[in-house]
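Report on the structure given below.
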Amino acid sequence: MEDAVIKVGGMSCQGCVRNVTGVLQAQPGVEQVDVSLEDGVARVRFDAGKVAIEQLRGAVEDAGFDAA
């Protein structure tokens, strides 16, 4: 398992946190997601053999947020 921290821009409420959490959890190989509104980050534990960090960032961006 790999751990990654993705900076997420554009979150303004707990609804945004739930949205980002949901799109990340829906990705194959994602084991755990912790999104912090205060820090503006998503901490993700995932299987790099099933999903790449670029795909996780892309899922966040597809949901309407900035990801770095």
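Numbering starts fresh at 1 for the residues of each chain in the structure tokens, the chains themselves are lettered A, B, ... in the order given, and ligands are numbered from 1 as they appear.
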
Near segment 61-66 of chain A, 6 Å: segment 8-37 of chain A residue rows, closest pairs, only C-alpha atoms, as JSON lines:
{"residue": "A:Val8", "atom": "CA", "partner": "A:Asp66", "partner_atom": "CA", "distance": 5.5}
{"residue": "A:Gly9", "atom": "CA", "partner": "A:Asp66", "partner_atom": "CA", "distance": 4.6}
{"residue": "A:Gly10", "atom": "CA", "partner": "A:Phe65", "partner_atom": "CA", "distance": 5.4}

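Across A:Val41, A:Ala4, A:Gln14, A:Val51, the tightest approach to Gln27 of chain A is made by A:Val51 when counting only C-alpha atoms.
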
Check your understanding: Near Ile6 of chain A, within 10 Å and counting only C-alpha atoms, which residues show up once chain neighbours fewer than 5 positions away are dropped, as a ChimeraX atom specification?
Key -> /A:35,40-44,53,56-57,60,66-68

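Considering only C-alpha atoms, the residue among A:Ala52, A:Cys13, A:Arg45, A:Glu2 positioned nearest to Val30 of chain A is A:Arg45.
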
Review point. Hey, which of A:Glu31, A:Asp47, A:Glu38, A:Glu54 ends up closest to Cys16 of chain A? Count only C-alpha atoms.
Key: A:Glu38

**Study point:** DSSP helix (DSSP H, G or I) residues within chain A, listed as an MDAnalysis selection string
**Key:** chainID A and resid 14:25 53:62

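Atom CA of Asp34 of chain A to atom CA of Thr21 of chain A spans 7.1 Å [interatomic distance, one decimal].
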
Check your understanding: What residues in segment 11-58 of chain A get the DSSP label strand (DSSP E)? Please answer as a PyMOL selection string.
Key -> chain A and resi 30-36+41-46

Store the residues picked out above in a file with C-alpha atoms, as a compact mmCIF listing (two decimals), in the first residue's frame.
# COMPACT_ATOMS: atom_id res chain seq x y z
CA VAL A 30 -8.27 2.85 -2.48
CA GLU A 31 -8.24 1.53 1.08
CA GLN A 32 -8.57 4.66 3.23
CA VAL A 33 -9.36 8.35 2.69
CA ASP A 34 -9.10 11.20 5.19
CA VAL A 35 -10.03 14.66 3.86
CA SER A 36 -9.30 17.75 5.95
CA VAL A 41 -5.68 18.05 1.82
CA ALA A 42 -6.78 14.50 1.18
CA ARG A 43 -4.68 11.71 2.69
CA VAL A 44 -5.13 8.53 0.71
CA ARG A 45 -3.90 4.96 1.26
CA PHE A 46 -4.10 3.01 -1.99

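From atom CA of Met1 of chain A back to atom CA of Pro28 of chain A, the distance works out to 12.6 Å.
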
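Distances to Gly58 of chain A were evaluated for A:Val17, A:Val23, A:Val5, A:Leu37 using only C-alpha atoms, and the minimum falls at A:Val23.
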